[in-house]
Amino acid sequence: MKKVIVDVDDVLALNTFINSLNNFLHSNYTYNDINRYYVEEMLDENQLIEFRKYIKENNIYQFSLVAPNSKEVLMKLMVEGYEIYPTSKFYSELDNIILPETLTYKCEFLQKNYPFIPTKNYIFINNKLLLNADIRIDDSLDNLSDNGLNLLYSAYHNRKIENRLLSDKKILRVQNWKDIENKVLKKRKLIKIDLEKRKIK
């Protein structure tokens, strides 16, 4: 069975950290206001300490938005014979700390919104490149490899990455889950139809 590794933050659960930051600061930052991987980089040292405390004491995934069309596309992938593995880090390279508190809330988010994915498929790992997969869907280039199909999910921090760089790395950019459906499922069906036509001839 083919394996799909799909990132949780900013791929399945959208705007978690932006919305959490806004709730913490009583601000109104939007997707277009931020261009860094860690939204916490907008905080000073004292604010960062308080924000880390805030994350430990609150379920920040209450602020997450379920990625539109992600459920439908994932279910279609499963019907096509793909096994889905939601995968996520629990380590912040910004200040070199582990964030174990987020794991429980990520699991709750996945169980509530993606109940058709077996919980035994959840993977929490800080180096995703240790995992083998036929398809990788992630918002960070660091988590994509040169093997299989690699899809960079557009996010606030990667929107300025040039298409030439992605092309050199054999990575495809996807804007949303409908785009993923077009690049994975519809392309596969077209290939299947073409092969069937050749057999008839």
# chains A, B, ... in the order shown; residues from 1 in each chain; ligands from 1

call {"tool": "closest_atom_pairs", "arguments": {"of": "region 106-178 of chain A", "to": "region 81-90 of chain A", "cutoff": "9 Å", "atoms": "only C-alpha atoms", "output": "CSV"}}
result
residue,atom,partner,partner_atom,distance
A:Lys106,CA,A:Ser88,CA,8.8
A:Leu110,CA,A:Pro86,CA,8.3
A:Ile117,CA,A:Ile84,CA,6.9
A:Pro118,CA,A:Ile84,CA,8.6
A:Lys120,CA,A:Tyr85,CA,8.8
A:Asn121,CA,A:Tyr85,CA,5.0
A:Tyr122,CA,A:Pro86,CA,5.2
A:Ile123,CA,A:Thr87,CA,4.7
A:Phe124,CA,A:Ser88,CA,5.0
A:Ile125,CA,A:Lys89,CA,5.2
A:Asn126,CA,A:Lys89,CA,4.7
A:Asn127,CA,A:Lys89,CA,7.7
A:Lys128,CA,A:Thr87,CA,7.8

call {"tool": "residues_around", "arguments": {"residues": "region 175-180 of chain A", "least_positions_apart": "3", "cutoff": "10 Å", "atoms": "only C-alpha atoms", "output": "number ranges by chain"}}
result
A: 11-12, 67-74, 137, 151-155, 159, 172, 183-186

call {"tool": "write_last_selection", "arguments": {"atoms": "N, CA, C and O atoms", "output": "short mmCIF file (atom, residue, chain, number, x, y, z; two decimals), in the first residue's frame"}}
result
data_model
loop_
_atom_site.label_atom_id
_atom_site.label_comp_id
_atom_site.auth_asym_id
_atom_site.auth_seq_id
_atom_site.Cartn_x
_atom_site.Cartn_y
_atom_site.Cartn_z
N VAL A 11 -1.26 22.63 7.20
CA VAL A 11 -1.65 21.79 6.06
C VAL A 11 -3.03 21.19 6.33
O VAL A 11 -3.91 21.25 5.48
N LEU A 12 -3.20 20.61 7.51
CA LEU A 12 -4.52 20.13 7.94
C LEU A 12 -5.17 21.12 8.90
O LEU A 12 -6.36 21.41 8.79
N ALA A 67 -8.56 22.60 7.12
CA ALA A 67 -8.26 22.95 5.74
C ALA A 67 -9.41 22.56 4.82
O ALA A 67 -9.81 21.38 4.81
N PRO A 68 -9.98 23.50 4.08
CA PRO A 68 -11.11 23.21 3.19
C PRO A 68 -10.78 22.08 2.21
O PRO A 68 -9.68 22.05 1.64
N ASN A 69 -11.72 21.16 2.06
CA ASN A 69 -11.64 20.03 1.11
C ASN A 69 -10.63 18.95 1.51
O ASN A 69 -10.49 17.96 0.80
N SER A 70 -9.94 19.14 2.64
CA SER A 70 -8.92 18.15 3.03
C SER A 70 -9.56 16.80 3.37
O SER A 70 -9.00 15.75 3.01
N LYS A 71 -10.69 16.81 4.03
CA LYS A 71 -11.34 15.55 4.40
C LYS A 71 -11.71 14.75 3.16
O LYS A 71 -11.43 13.55 3.05
N GLU A 72 -12.36 15.43 2.22
CA GLU A 72 -12.83 14.75 1.01
C GLU A 72 -11.67 14.19 0.20
O GLU A 72 -11.73 13.05 -0.27
N VAL A 73 -10.60 14.97 0.06
CA VAL A 73 -9.46 14.52 -0.74
C VAL A 73 -8.73 13.36 -0.06
O VAL A 73 -8.34 12.39 -0.71
N LEU A 74 -8.57 13.44 1.25
CA LEU A 74 -7.91 12.35 1.98
C LEU A 74 -8.72 11.06 1.88
O LEU A 74 -8.15 9.97 1.70
N ILE A 137 3.38 15.74 1.84
CA ILE A 137 2.69 17.03 1.75
C ILE A 137 3.09 17.83 2.98
O ILE A 137 2.76 17.45 4.10
N LEU A 151 5.06 17.61 -2.33
CA LEU A 151 4.17 18.73 -2.53
C LEU A 151 4.38 19.78 -1.43
O LEU A 151 4.24 19.46 -0.25
N LEU A 152 4.74 20.99 -1.84
CA LEU A 152 4.90 22.08 -0.88
C LEU A 152 3.56 22.81 -0.75
O LEU A 152 3.09 23.45 -1.70
N TYR A 153 2.96 22.72 0.42
CA TYR A 153 1.67 23.37 0.66
C TYR A 153 1.92 24.85 0.96
O TYR A 153 2.65 25.20 1.87
N SER A 154 1.32 25.71 0.17
CA SER A 154 1.56 27.15 0.31
C SER A 154 1.15 27.66 1.69
O SER A 154 0.05 27.36 2.18
N ALA A 155 2.06 28.42 2.29
CA ALA A 155 1.81 29.00 3.61
C ALA A 155 2.45 30.38 3.66
O ALA A 155 3.22 30.75 2.77
N ARG A 159 5.70 31.54 0.77
CA ARG A 159 5.13 32.07 -0.47
C ARG A 159 6.14 32.77 -1.36
O ARG A 159 5.89 32.97 -2.55
N LEU A 172 6.63 20.16 -6.20
CA LEU A 172 5.49 20.87 -6.76
C LEU A 172 4.82 21.71 -5.68
O LEU A 172 4.61 21.22 -4.56
N LYS A 183 -3.46 17.36 -8.78
CA LYS A 183 -2.09 16.92 -9.08
C LYS A 183 -1.86 15.44 -8.78
O LYS A 183 -0.96 14.83 -9.35
N VAL A 184 -2.65 14.87 -7.88
CA VAL A 184 -2.44 13.47 -7.51
C VAL A 184 -3.52 12.56 -8.11
O VAL A 184 -3.22 11.69 -8.93
N LEU A 185 -4.76 12.77 -7.74
CA LEU A 185 -5.82 11.86 -8.14
C LEU A 185 -6.21 12.00 -9.60
O LEU A 185 -6.30 11.00 -10.32
N LYS A 186 -6.45 13.21 -10.06
CA LYS A 186 -6.89 13.39 -11.45
C LYS A 186 -5.79 13.01 -12.43
O LYS A 186 -6.06 12.43 -13.48
#

call {"tool": "select_by_dssp", "arguments": {"residues": "region 26-87 of chain A", "states": "strand (DSSP E)", "output": "VMD selection string"}}
result
chain A and resid 65 to 66 82 to 87

call {"tool": "closest_residue", "arguments": {"among": "A:Leu77, A:Val8, A:Leu165, A:Leu144", "to": "Thr102 (chain A)", "atoms": "only C-alpha atoms"}}
result
A:Val8

call {"tool": "select_by_dssp", "arguments": {"residues": "region 133-176 of chain A", "states": "alpha helix (DSSP H)", "output": "ChimeraX atom specification"}}
result
/A:163-168

call {"tool": "atom_distance", "arguments": {"atom1": "CA of Leu141 (chain A)", "atom2": "CA of Lys169 (chain A)"}}
result
9.4 Å

call {"tool": "residues_around", "arguments": {"residues": "Thr16 (chain A)", "least_positions_apart": "6", "cutoff": "12 Å", "atoms": "only C-alpha atoms", "output": "list in words"}}
result
Val8, Asp9, Asp10, Asn22, Asn23, Thr30, Tyr31, Tyr38, Val39, Ile55, Asn59, Ile60, Tyr61, Gln62, Phe63, Ser64, Leu65, Val66, Ala67, Thr102, Tyr105, Lys106 and Phe109 of chain A

call {"tool": "write_last_selection", "arguments": {"atoms": "N, CA and C atoms", "output": "PDB file, in the first residue's frame"}}
result
ATOM      1  N   VAL A   8       0.622  18.258   9.771  1.00  0.00           N
ATOM      2  CA  VAL A   8      -0.579  18.711  10.487  1.00  0.00           C
ATOM      3  C   VAL A   8      -0.677  20.234  10.472  1.00  0.00           C
ATOM      4  N   ASP A   9       0.329  20.901  11.034  1.00  0.00           N
ATOM      5  CA  ASP A   9       0.275  22.366  11.167  1.00  0.00           C
ATOM      6  C   ASP A   9       0.386  23.054   9.811  1.00  0.00           C
ATOM      7  N   ASP A  10      -0.592  23.917   9.526  1.00  0.00           N
ATOM      8  CA  ASP A  10      -0.644  24.718   8.302  1.00  0.00           C
ATOM      9  C   ASP A  10      -0.852  23.897   7.035  1.00  0.00           C
ATOM     10  N   ASN A  22      -2.691  36.083  17.957  1.00  0.00           N
ATOM     11  CA  ASN A  22      -3.657  37.181  18.033  1.00  0.00           C
ATOM     12  C   ASN A  22      -4.425  37.148  19.349  1.00  0.00           C
ATOM     13  N   ASN A  23      -4.775  35.954  19.789  1.00  0.00           N
ATOM     14  CA  ASN A  23      -5.502  35.839  21.053  1.00  0.00           C
ATOM     15  C   ASN A  23      -4.601  36.238  22.227  1.00  0.00           C
ATOM     16  N   THR A  30      -2.892  38.969  10.097  1.00  0.00           N
ATOM     17  CA  THR A  30      -3.478  38.079   9.101  1.00  0.00           C
ATOM     18  C   THR A  30      -2.374  37.306   8.387  1.00  0.00           C
ATOM     19  N   TYR A  31      -2.790  36.394   7.550  1.00  0.00           N
ATOM     20  CA  TYR A  31      -1.888  35.568   6.752  1.00  0.00           C
ATOM     21  C   TYR A  31      -0.852  36.427   6.032  1.00  0.00           C
ATOM     22  N   TYR A  38       8.279  30.765  12.111  1.00  0.00           N
ATOM     23  CA  TYR A  38       7.773  30.842  13.478  1.00  0.00           C
ATOM     24  C   TYR A  38       7.139  32.216  13.708  1.00  0.00           C
ATOM     25  N   VAL A  39       5.853  32.249  13.959  1.00  0.00           N
ATOM     26  CA  VAL A  39       5.193  33.538  14.221  1.00  0.00           C
ATOM     27  C   VAL A  39       5.742  34.160  15.500  1.00  0.00           C
ATOM     28  N   ILE A  55       1.058  28.727  25.609  1.00  0.00           N
ATOM     29  CA  ILE A  55       0.865  27.509  24.815  1.00  0.00           C
ATOM     30  C   ILE A  55       0.752  26.281  25.721  1.00  0.00           C
ATOM     31  N   ASN A  59      -5.154  25.129  25.023  1.00  0.00           N
ATOM     32  CA  ASN A  59      -5.279  24.325  23.813  1.00  0.00           C
ATOM     33  C   ASN A  59      -5.312  25.259  22.615  1.00  0.00           C
ATOM     34  N   ILE A  60      -4.158  25.453  21.986  1.00  0.00           N
ATOM     35  CA  ILE A  60      -4.106  26.397  20.870  1.00  0.00           C
ATOM     36  C   ILE A  60      -4.827  25.852  19.638  1.00  0.00           C
ATOM     37  N   TYR A  61      -5.114  24.553  19.620  1.00  0.00           N
ATOM     38  CA  TYR A  61      -5.804  23.976  18.459  1.00  0.00           C
ATOM     39  C   TYR A  61      -7.302  24.271  18.463  1.00  0.00           C
ATOM     40  N   GLN A  62      -7.756  24.933  19.509  1.00  0.00           N
ATOM     41  CA  GLN A  62      -9.128  25.433  19.484  1.00  0.00           C
ATOM     42  C   GLN A  62      -9.262  26.570  18.472  1.00  0.00           C
ATOM     43  N   PHE A  63      -8.129  27.161  18.101  1.00  0.00           N
ATOM     44  CA  PHE A  63      -8.139  28.266  17.136  1.00  0.00           C
ATOM     45  C   PHE A  63      -7.878  27.789  15.703  1.00  0.00           C
ATOM     46  N   SER A  64      -7.677  26.498  15.519  1.00  0.00           N
ATOM     47  CA  SER A  64      -7.345  25.969  14.195  1.00  0.00           C
ATOM     48  C   SER A  64      -8.557  25.944  13.280  1.00  0.00           C
ATOM     49  N   LEU A  65      -8.279  26.154  11.997  1.00  0.00           N
ATOM     50  CA  LEU A  65      -9.301  25.990  10.968  1.00  0.00           C
ATOM     51  C   LEU A  65      -8.997  24.708  10.203  1.00  0.00           C
ATOM     52  N   VAL A  66     -10.014  23.903   9.979  1.00  0.00           N
ATOM     53  CA  VAL A  66      -9.828  22.683   9.193  1.00  0.00           C
ATOM     54  C   VAL A  66      -9.620  23.079   7.734  1.00  0.00           C
ATOM     55  N   ALA A  67      -8.561  22.596   7.124  1.00  0.00           N
ATOM     56  CA  ALA A  67      -8.257  22.950   5.737  1.00  0.00           C
ATOM     57  C   ALA A  67      -9.412  22.555   4.824  1.00  0.00           C
ATOM     58  N   THR A 102       1.546  20.162  23.157  1.00  0.00           N
ATOM     59  CA  THR A 102       0.765  20.298  21.926  1.00  0.00           C
ATOM     60  C   THR A 102       0.316  18.946  21.373  1.00  0.00           C
ATOM     61  N   TYR A 105      -3.317  17.933  22.160  1.00  0.00           N
ATOM     62  CA  TYR A 105      -4.283  18.767  21.449  1.00  0.00           C
ATOM     63  C   TYR A 105      -4.288  18.486  19.952  1.00  0.00           C
ATOM     64  N   LYS A 106      -3.131  18.150  19.393  1.00  0.00           N
ATOM     65  CA  LYS A 106      -3.085  17.766  17.982  1.00  0.00           C
ATOM     66  C   LYS A 106      -3.876  16.487  17.756  1.00  0.00           C
ATOM     67  N   PHE A 109      -7.523  17.225  17.857  1.00  0.00           N
ATOM     68  CA  PHE A 109      -7.928  17.891  16.615  1.00  0.00           C
ATOM     69  C   PHE A 109      -8.108  16.867  15.498  1.00  0.00           C
TER      70      PHE A 109
END

call {"tool": "closest_residue", "arguments": {"among": "A:Ser145, A:Asn158, A:Thr104, A:Asn182", "to": "Lys76 (chain A)", "atoms": "only C-alpha atoms"}}
result
A:Asn182

call {"tool": "closest_residue", "arguments": {"among": "A:Leu21, A:Leu129, A:Glu101, A:Asn46", "to": "Ile34 (chain A)", "atoms": "only C-alpha atoms"}}
result
A:Leu21

call {"tool": "closest_residue", "arguments": {"among": "A:Glu80, A:Asp7, A:Glu162, A:Asp95", "to": "Ile49 (chain A)", "atoms": "only C-alpha atoms"}}
result
A:Asp95
